[in-house]
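Below is start28.txt, holding compact mmCIF, C-alpha atoms and all ligand atoms.
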# COMPACT_ATOMS: atom_id res chain seq x y z
CA MET A 1363 236.32 90.50 244.10
CA ALA A 1364 234.63 91.97 240.99
CA LYS A 1365 235.04 90.25 237.63
CA ILE A 1366 237.26 91.73 234.90
CA ASN A 1367 235.99 92.53 231.44
CA LYS A 1368 238.48 91.36 228.83
CA GLY A 1369 236.79 93.11 225.90
CA SER A 1370 238.70 95.74 223.96
CA GLU A 1371 235.67 98.08 223.92
CA ALA A 1372 235.67 98.31 227.71
CA PRO A 1373 236.80 101.70 229.02
CA ILE A 1374 240.14 102.49 230.60
CA GLY A 1375 239.72 103.41 234.26
CA ILE A 1376 241.79 106.29 235.56
CA PHE A 1377 241.81 107.87 238.98
CA ASP A 1378 243.23 110.74 240.94
CA SER A 1379 242.40 112.65 244.10
CA GLY A 1380 241.08 115.51 241.97
CA LEU A 1381 241.91 117.44 238.85
CA GLY A 1382 245.54 116.44 238.42
CA GLY A 1383 244.84 113.16 236.66
CA LEU A 1384 243.40 115.17 233.78
CA THR A 1385 246.99 115.88 232.73
CA VAL A 1386 247.41 112.13 232.24
CA LEU A 1387 243.99 111.73 230.63
CA GLN A 1388 244.87 114.48 228.15
CA ALA A 1389 248.01 112.65 227.04
CA MET A 1390 246.12 109.38 226.80
CA VAL A 1391 243.31 110.82 224.68
CA LYS A 1392 245.93 112.33 222.38
CA LEU A 1393 247.70 109.00 221.86
CA LEU A 1394 244.67 106.72 222.14
CA PRO A 1395 241.68 108.70 220.85
CA GLN A 1396 239.57 105.63 220.14
CA GLU A 1397 239.52 104.47 223.73
CA SER A 1398 236.68 105.17 226.15
CA TYR A 1399 237.65 106.57 229.54
CA LEU A 1400 236.14 106.41 232.96
CA TYR A 1401 237.73 108.99 235.24
CA PHE A 1402 237.31 108.97 239.01
CA GLY A 1403 238.21 112.24 240.77
CA ASP A 1404 238.12 111.87 244.54
CA THR A 1405 237.61 115.56 245.25
CA ALA A 1406 235.94 114.87 248.61
CA HIS A 1407 239.26 113.51 249.85
CA VAL A 1408 241.78 115.73 248.05
CA PRO A 1409 244.61 116.22 248.93
CA TYR A 1410 245.98 112.70 249.29
CA GLY A 1411 249.49 114.08 249.57
CA SER A 1412 249.15 115.23 253.17
CA LYS A 1413 247.41 112.07 254.43
CA SER A 1414 248.82 108.91 255.99
CA ASN A 1415 249.74 105.93 253.84
CA GLU A 1416 246.94 103.90 255.45
CA THR A 1417 244.31 106.44 254.41
CA VAL A 1418 245.59 106.71 250.84
CA LEU A 1419 245.74 102.91 250.59
CA LYS A 1420 242.12 102.65 251.69
CA TYR A 1421 240.92 105.24 249.14
CA ALA A 1422 242.96 103.73 246.31
CA ASP A 1423 241.70 100.25 247.10
CA GLN A 1424 238.03 101.32 247.18
CA ILE A 1425 238.33 103.23 243.91
CA THR A 1426 240.05 100.28 242.24
CA GLU A 1427 237.19 97.99 243.33
CA PHE A 1428 234.69 100.51 242.01
CA LEU A 1429 236.41 100.78 238.62
CA ILE A 1430 236.60 97.01 238.28
CA ARG A 1431 232.87 96.84 238.98
CA GLN A 1432 232.40 99.28 236.08
CA LYS A 1433 234.17 96.68 233.92
CA VAL A 1434 237.22 98.70 232.90
CA LYS A 1435 239.94 96.79 231.06
CA LEU A 1436 242.93 98.50 232.63
CA ILE A 1437 243.47 101.01 235.44
CA VAL A 1438 245.80 103.99 235.48
CA VAL A 1439 246.64 105.35 238.91
CA ALA A 1440 246.99 108.95 237.73
CA CYS A 1441 248.14 110.20 241.10
CA ASN A 1442 251.74 110.09 242.23
CA THR A 1443 250.82 109.84 245.89
CA ALA A 1444 248.60 106.80 245.31
CA SER A 1445 251.14 105.31 242.87
CA SER A 1446 253.89 105.77 245.44
CA VAL A 1447 252.13 104.24 248.41
CA ALA A 1448 249.46 101.91 246.99
CA LEU A 1449 250.51 100.58 243.57
CA THR A 1450 252.45 97.54 244.74
CA GLY A 1451 249.60 96.41 247.00
CA LEU A 1452 246.94 97.00 244.33
CA LYS A 1453 248.90 94.99 241.77
CA LYS A 1454 249.22 92.11 244.20
CA LYS A 1455 245.55 92.16 245.13
CA TYR A 1456 243.84 92.65 241.76
CA ASP A 1457 244.13 90.59 238.64
CA ILE A 1458 243.77 93.51 236.24
CA PRO A 1459 246.57 95.52 234.61
CA ILE A 1460 247.29 98.54 236.82
CA ILE A 1461 249.73 101.20 235.64
CA GLY A 1462 251.19 103.89 237.87
CA VAL A 1463 252.85 107.20 237.02
CA VAL A 1464 256.22 106.90 238.76
CA GLU A 1465 258.07 104.35 236.64
CA PRO A 1466 257.38 105.86 233.20
CA ALA A 1467 258.62 109.29 234.38
CA VAL A 1468 261.80 107.83 235.89
CA ARG A 1469 262.60 105.94 232.69
CA ARG A 1470 262.26 109.17 230.71
CA ALA A 1471 264.44 111.12 233.18
CA ALA A 1472 267.14 108.45 233.03
CA GLU A 1473 267.16 108.77 229.22
CA LEU A 1474 267.45 112.56 229.27
CA THR A 1475 269.83 113.49 232.08
CA LYS A 1476 273.42 114.27 231.18
CA SER A 1477 274.58 115.75 234.47
CA ARG A 1478 273.19 112.68 236.28
CA THR A 1479 271.53 115.00 238.76
CA ILE A 1480 267.79 114.59 238.73
CA GLY A 1481 265.33 116.70 240.69
CA VAL A 1482 261.95 115.40 241.83
CA ILE A 1483 259.13 117.50 243.20
CA GLY A 1484 255.91 116.08 244.59
CA THR A 1485 253.57 115.97 247.56
CA ARG A 1486 254.87 115.28 251.06
CA ALA A 1487 253.63 111.67 250.92
CA THR A 1488 255.29 111.00 247.55
CA ILE A 1489 258.63 112.44 248.61
CA ARG A 1490 258.44 110.73 252.02
CA SER A 1491 257.73 107.36 250.37
CA GLY A 1492 261.08 107.47 248.54
CA SER A 1493 259.41 105.94 245.47
CA TYR A 1494 261.22 108.18 242.98
CA GLN A 1495 264.52 108.16 244.84
CA ASN A 1496 264.56 104.34 244.97
CA LEU A 1497 263.58 103.85 241.37
CA ILE A 1498 266.11 106.39 240.08
CA GLN A 1499 268.75 104.60 242.14
CA ARG A 1500 267.75 101.32 240.49
CA GLU A 1501 267.57 102.70 236.92
CA LEU A 1502 270.69 104.85 237.12
CA PRO A 1503 272.82 103.93 240.16
CA GLU A 1504 275.34 106.70 239.53
CA ALA A 1505 272.68 109.44 239.55
CA ARG A 1506 272.06 111.88 242.36
CA THR A 1507 268.47 112.69 243.23
CA ILE A 1508 267.33 115.92 244.82
CA ALA A 1509 263.81 115.58 246.13
CA LYS A 1510 261.57 118.34 247.41
CA ALA A 1511 257.97 118.40 248.59
CA CYS A 1512 255.96 121.34 247.22
CA PRO A 1513 252.59 120.97 248.99
CA LEU A 1514 251.19 124.40 248.08
CA PHE A 1515 251.28 123.65 244.34
CA VAL A 1516 248.22 121.41 244.53
CA SER A 1517 246.06 124.10 246.16
CA LEU A 1518 247.15 126.63 243.54
CA VAL A 1519 246.01 124.30 240.76
CA GLU A 1520 242.76 123.25 242.46
CA GLU A 1521 242.03 126.97 242.88
CA GLY A 1522 242.77 127.77 239.21
CA TRP A 1523 245.62 130.09 240.22
CA GLU A 1524 248.38 128.51 238.14
CA ASN A 1525 249.26 131.65 236.18
CA THR A 1526 249.24 134.21 238.95
CA ALA A 1527 251.92 136.22 240.73
CA VAL A 1528 251.25 134.10 243.82
CA ALA A 1529 252.08 130.92 241.87
CA ARG A 1530 255.31 132.46 240.57
CA GLU A 1531 256.31 133.56 244.05
CA VAL A 1532 255.62 130.12 245.55
CA ALA A 1533 257.44 128.32 242.71
CA GLY A 1534 260.45 130.64 243.16
CA VAL A 1535 260.69 129.83 246.86
CA TYR A 1536 260.33 126.06 246.36
CA LEU A 1537 262.66 125.71 243.41
CA SER A 1538 265.49 128.16 244.04
CA ASP A 1539 267.54 125.91 246.34
CA ILE A 1540 267.17 122.70 244.30
CA LEU A 1541 268.36 124.64 241.25
CA LYS A 1542 271.75 125.21 242.84
CA ASN A 1543 272.79 121.57 242.54
CA GLY A 1544 273.61 121.10 238.86
CA MET A 1545 270.26 119.44 238.19
CA ASP A 1546 269.51 119.22 234.44
CA THR A 1547 266.27 117.23 234.65
CA LEU A 1548 263.29 117.84 236.90
CA ILE A 1549 260.48 115.32 237.31
CA LEU A 1550 257.10 116.84 238.06
CA GLY A 1551 256.19 114.03 240.44
CA CYS A 1552 252.61 115.07 240.96
CA THR A 1553 249.90 114.95 238.34
CA HIS A 1554 248.74 118.45 239.26
CA TYR A 1555 252.10 120.05 238.49
CA PRO A 1556 252.02 120.02 234.66
CA VAL A 1557 249.29 122.65 234.96
CA LEU A 1558 251.99 124.87 236.49
CA MET A 1559 254.48 124.01 233.73
CA PRO A 1560 254.79 127.56 232.28
CA THR A 1561 255.33 129.01 235.75
CA ILE A 1562 257.88 126.33 236.66
CA ARG A 1563 259.59 126.79 233.28
CA GLU A 1564 260.06 130.52 234.00
CA ILE A 1565 261.92 129.69 237.18
CA VAL A 1566 264.09 126.79 235.98
CA THR A 1567 264.68 128.26 232.47
CA ASP A 1568 265.12 126.06 229.41
CA LYS A 1569 268.39 124.59 230.68
CA VAL A 1570 266.39 122.03 232.65
CA ASN A 1571 264.33 119.19 231.10
CA LEU A 1572 260.89 119.12 232.65
CA ILE A 1573 259.27 115.70 232.77
CA SER A 1574 255.63 115.05 233.40
CA SER A 1575 254.40 111.49 233.33
CA GLY A 1576 251.39 111.92 231.02
CA GLU A 1577 253.04 111.03 227.71
CA ALA A 1578 255.20 108.26 229.11
CA VAL A 1579 252.17 106.73 230.84
CA ALA A 1580 250.11 106.92 227.65
CA GLN A 1581 252.85 105.04 225.78
CA THR A 1582 253.04 102.41 228.49
CA VAL A 1583 249.26 101.94 228.29
CA ARG A 1584 249.36 101.66 224.50
CA ASP A 1585 252.15 99.07 224.61
CA HIS A 1586 250.24 97.09 227.16
CA LEU A 1587 246.94 97.14 225.26
CA MET A 1588 248.69 96.28 222.03
CA LYS A 1589 250.41 93.26 223.56
CA ALA A 1590 247.16 92.07 225.11
CA ASP A 1591 245.28 92.67 221.87
CA LEU A 1592 242.94 95.05 223.68
CA LEU A 1593 243.28 98.25 221.66
CA SER A 1594 239.90 99.74 220.83
CA ASP A 1595 238.93 100.88 217.34
CA ASN A 1596 235.73 102.52 218.49
CA ARG A 1597 234.86 105.59 216.36
CA ARG A 1598 232.54 106.98 219.03
CA PRO A 1599 234.34 106.44 222.32
CA SER A 1600 232.94 107.93 225.52
CA GLU A 1601 234.23 109.75 228.57
CA THR A 1602 232.60 109.67 231.99
CA PHE A 1603 233.77 111.49 235.08
CA TYR A 1604 232.76 110.34 238.57
CA ILE A 1605 233.47 113.09 241.07
CA THR A 1606 233.01 112.74 244.84
CA ASP A 1607 232.48 116.43 245.68
CA LEU A 1608 231.63 119.67 243.86
CA PRO A 1609 231.29 118.18 240.37
CA GLN A 1610 230.37 121.60 238.93
CA LEU A 1611 233.64 123.10 240.11
CA PHE A 1612 235.51 120.12 238.66
CA ASP A 1613 233.67 120.63 235.40
CA GLU A 1614 234.49 124.33 235.32
CA LEU A 1615 238.19 124.05 236.17
CA GLY A 1616 238.65 120.83 234.21
CA SER A 1617 237.07 122.28 231.06
CA ARG A 1618 239.25 125.34 231.32
CA PHE A 1619 242.31 123.27 231.80
CA LEU A 1620 241.60 120.76 229.00
CA GLY A 1621 240.36 123.52 226.71
CA ARG A 1622 237.11 121.67 225.97
CA ARG A 1623 233.86 120.81 227.72
CA LEU A 1624 233.87 117.73 229.88
CA GLU A 1625 230.90 115.55 228.99
CA ASN A 1626 229.21 113.30 231.52
CA VAL A 1627 230.41 114.70 234.82
CA LYS A 1628 228.55 112.84 237.57
CA TYR A 1629 228.47 113.15 241.31
CA ILE A 1630 229.18 109.96 243.22
CA GLN A 1631 229.11 109.57 247.00
CA PRO A 1632 232.61 109.31 248.46
CA LEU A 1633 233.54 105.62 248.79
N1 LIG B 1 247.37 114.16 242.31
C1 LIG B 1 248.16 114.07 243.51
C2 LIG B 1 249.53 113.51 243.17
O1 LIG B 1 249.85 113.31 242.00
C3 LIG B 1 248.33 115.42 244.17
C4 LIG B 1 247.12 115.90 244.85
C5 LIG B 1 246.93 115.31 246.19
O2 LIG B 1 247.73 115.56 247.12
O3 LIG B 1 245.96 114.61 246.34
O4 LIG B 1 250.28 113.24 244.06
Starting from the coordinates I provided, produce the structure as structure tokens.
Ligand code: DGL
Amino acid sequence: MAKINKGSEAPIGIFDSGLGGLTVLQAMVKLLPQESYLYFGDTAHVPYGSKSNETVLKYADQITEFLIRQKVKLIVVACNTASSVALTGLKKKYDIPIIGVVEPAVRRAAELTKSRTIGVIGTRATIRSGSYQNLIQRELPEARTIAKACPLFVSLVEEGWENTAVAREVAGVYLSDILKNGMDTLILGCTHYPVLMPTIREIVTDKVNLISSGEAVAQTVRDHLMKADLLSDNRRPSETFYITDLPQLFDELGSRFLGRRLENVKYIQPL
């Protein structure tokens, strides 16, 4: 097993199957601008959400090993599918802080809901895993959870089609029936979905709290680094992106989505 760098100047490792983790990275850069980041986008294997647990576990494990070899100080699993099926195993296996995206979003939802009816949308694998349903049950036993897989959302985002009539149509079909249940809080349980936030907002209106995990994850990371005395005060932090397929496309869509150029986008052979 690779050795862990305890230094505060070491980068934070963050991974996703593709672009979606950028929504988490964005929130982290906002809260922790002096940290360096090493992002791994497994675009050769996207989507994770329609694969078996065994396959997702294998990818998540290999990426974690890779990030540890790059001497990151903490890892964020910025993918709900990987967080849902692999996080527990990764935490057991590796002696490095690993933070997923499910728990922070559930905590926020439990704080906000008044009707005690919480909706969760995500990939098939995330919804099938029951990760959100179980955690909501634990946090707020009296709450009702309505879960729905929305597999087409990821393709819309990866294609850059988040603000099109097609996206609105698809969102309308997915969300209309879960809206009928008195839900006042909806967790976007997939890191790609915040890109569709304006489209989803149009459908659910402002009566529903929309929760994406980015901010909550960033706060969890900050708390953790603070406690471990590992916060960086680097004035010139760096960002590096390792992408397993079509790095130019990642660069193009990612830059558009983050509203700034991505520096240091590198191709890496799929692990
Ligand atoms: N980023 C993944 C997630 O949050 C969605 C994309 C995929 O299916 O790989 O679940």
Give me, as a PyMOL selection string, the set of residues whose atoms come within 9 Å of any atom of ligand LIG 1 (chain B), counting all atoms listed in the file. chain A and resi 1378-1383+1404-1405+1407-1413+1440-1446+1463+1484-1488+1513+1515-1517+1520+1550-1555
Write the selection just made, keeping C-alpha atoms, as a PDB file, keeping the file's coordinate frame?
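The file below, result-v8.pdb, is the result:
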ATOM      1  CA  ASP A1378     243.230 110.740 240.940  1.00  0.00           C
ATOM      2  CA  SER A1379     242.400 112.650 244.100  1.00  0.00           C
ATOM      3  CA  GLY A1380     241.080 115.510 241.970  1.00  0.00           C
ATOM      4  CA  LEU A1381     241.910 117.440 238.850  1.00  0.00           C
ATOM      5  CA  GLY A1382     245.540 116.440 238.420  1.00  0.00           C
ATOM      6  CA  GLY A1383     244.840 113.160 236.660  1.00  0.00           C
ATOM      7  CA  ASP A1404     238.120 111.870 244.540  1.00  0.00           C
ATOM      8  CA  THR A1405     237.610 115.560 245.250  1.00  0.00           C
ATOM      9  CA  HIS A1407     239.260 113.510 249.850  1.00  0.00           C
ATOM     10  CA  VAL A1408     241.780 115.730 248.050  1.00  0.00           C
ATOM     11  CA  PRO A1409     244.610 116.220 248.930  1.00  0.00           C
ATOM     12  CA  TYR A1410     245.980 112.700 249.290  1.00  0.00           C
ATOM     13  CA  GLY A1411     249.490 114.080 249.570  1.00  0.00           C
ATOM     14  CA  SER A1412     249.150 115.230 253.170  1.00  0.00           C
ATOM     15  CA  LYS A1413     247.410 112.070 254.430  1.00  0.00           C
ATOM     16  CA  ALA A1440     246.990 108.950 237.730  1.00  0.00           C
ATOM     17  CA  CYS A1441     248.140 110.200 241.100  1.00  0.00           C
ATOM     18  CA  ASN A1442     251.740 110.090 242.230  1.00  0.00           C
ATOM     19  CA  THR A1443     250.820 109.840 245.890  1.00  0.00           C
ATOM     20  CA  ALA A1444     248.600 106.800 245.310  1.00  0.00           C
ATOM     21  CA  SER A1445     251.140 105.310 242.870  1.00  0.00           C
ATOM     22  CA  SER A1446     253.890 105.770 245.440  1.00  0.00           C
ATOM     23  CA  VAL A1463     252.850 107.200 237.020  1.00  0.00           C
ATOM     24  CA  GLY A1484     255.910 116.080 244.590  1.00  0.00           C
ATOM     25  CA  THR A1485     253.570 115.970 247.560  1.00  0.00           C
ATOM     26  CA  ARG A1486     254.870 115.280 251.060  1.00  0.00           C
ATOM     27  CA  ALA A1487     253.630 111.670 250.920  1.00  0.00           C
ATOM     28  CA  THR A1488     255.290 111.000 247.550  1.00  0.00           C
ATOM     29  CA  PRO A1513     252.590 120.970 248.990  1.00  0.00           C
ATOM     30  CA  PHE A1515     251.280 123.650 244.340  1.00  0.00           C
ATOM     31  CA  VAL A1516     248.220 121.410 244.530  1.00  0.00           C
ATOM     32  CA  SER A1517     246.060 124.100 246.160  1.00  0.00           C
ATOM     33  CA  GLU A1520     242.760 123.250 242.460  1.00  0.00           C
ATOM     34  CA  LEU A1550     257.100 116.840 238.060  1.00  0.00           C
ATOM     35  CA  GLY A1551     256.190 114.030 240.440  1.00  0.00           C
ATOM     36  CA  CYS A1552     252.610 115.070 240.960  1.00  0.00           C
ATOM     37  CA  THR A1553     249.900 114.950 238.340  1.00  0.00           C
ATOM     38  CA  HIS A1554     248.740 118.450 239.260  1.00  0.00           C
ATOM     39  CA  TYR A1555     252.100 120.050 238.490  1.00  0.00           C
TER      40      TYR A1555
END
(233.2, 95.7, 218.4) in this file's frame - what residues fall within 8 Å of it? Use all atoms listed in the file and give the answer as a PyMOL selection string. chain A and resi 1370-1371+1595-1596
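Going from atom CA of Phe1603 of chain A to atom CA of Val1627 of chain A covers 4.7 Å.
Our summary of the geometry notes that atom CA of Val1438 of chain A is positioned 8.9 Å from atom CA of Val1386 of chain A.
Among the candidate residues A:Gln1396, A:Gly1534, A:Thr1602, A:Gly1462, the one lying nearest to Gln1432 of chain A is A:Thr1602, with distances computed using all atoms listed in the file.
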Neighbour residues at most 9 Å from (240.4, 100.2, 239.8) (all atoms listed in the file) as a VMD selection string: chain A and resid 1375 to 1377 1422 to 1432 1434 1436 to 1439 1452 1456 1458 1460
For the selection you just gave me, I'd like the residues written to a file as a JSON list (two decimals), in the coordinates of the input, keeping C-alpha atoms.
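File produced: out-v8.json:
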[["chain", "number", "residue", "atom", "x", "y", "z"],
["A", 1375, "GLY", "CA", 239.72, 103.41, 234.26],
["A", 1376, "ILE", "CA", 241.79, 106.29, 235.56],
["A", 1377, "PHE", "CA", 241.81, 107.87, 238.98],
["A", 1422, "ALA", "CA", 242.96, 103.73, 246.31],
["A", 1423, "ASP", "CA", 241.70, 100.25, 247.10],
["A", 1424, "GLN", "CA", 238.03, 101.32, 247.18],
["A", 1425, "ILE", "CA", 238.33, 103.23, 243.91],
["A", 1426, "THR", "CA", 240.05, 100.28, 242.24],
["A", 1427, "GLU", "CA", 237.19, 97.99, 243.33],
["A", 1428, "PHE", "CA", 234.69, 100.51, 242.01],
["A", 1429, "LEU", "CA", 236.41, 100.78, 238.62],
["A", 1430, "ILE", "CA", 236.60, 97.01, 238.28],
["A", 1431, "ARG", "CA", 232.87, 96.84, 238.98],
["A", 1432, "GLN", "CA", 232.40, 99.28, 236.08],
["A", 1434, "VAL", "CA", 237.22, 98.70, 232.90],
["A", 1436, "LEU", "CA", 242.93, 98.50, 232.63],
["A", 1437, "ILE", "CA", 243.47, 101.01, 235.44],
["A", 1438, "VAL", "CA", 245.80, 103.99, 235.48],
["A", 1439, "VAL", "CA", 246.64, 105.35, 238.91],
["A", 1452, "LEU", "CA", 246.94, 97.00, 244.33],
["A", 1456, "TYR", "CA", 243.84, 92.65, 241.76],
["A", 1458, "ILE", "CA", 243.77, 93.51, 236.24],
["A", 1460, "ILE", "CA", 247.29, 98.54, 236.82]]
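Minimum atom-to-atom distance to Ser1574 of chain A, evaluated using all atoms listed in the file, belongs to A:Pro1466 out of A:Gly1369, A:Pro1466, A:Gly1492, A:Pro1459.
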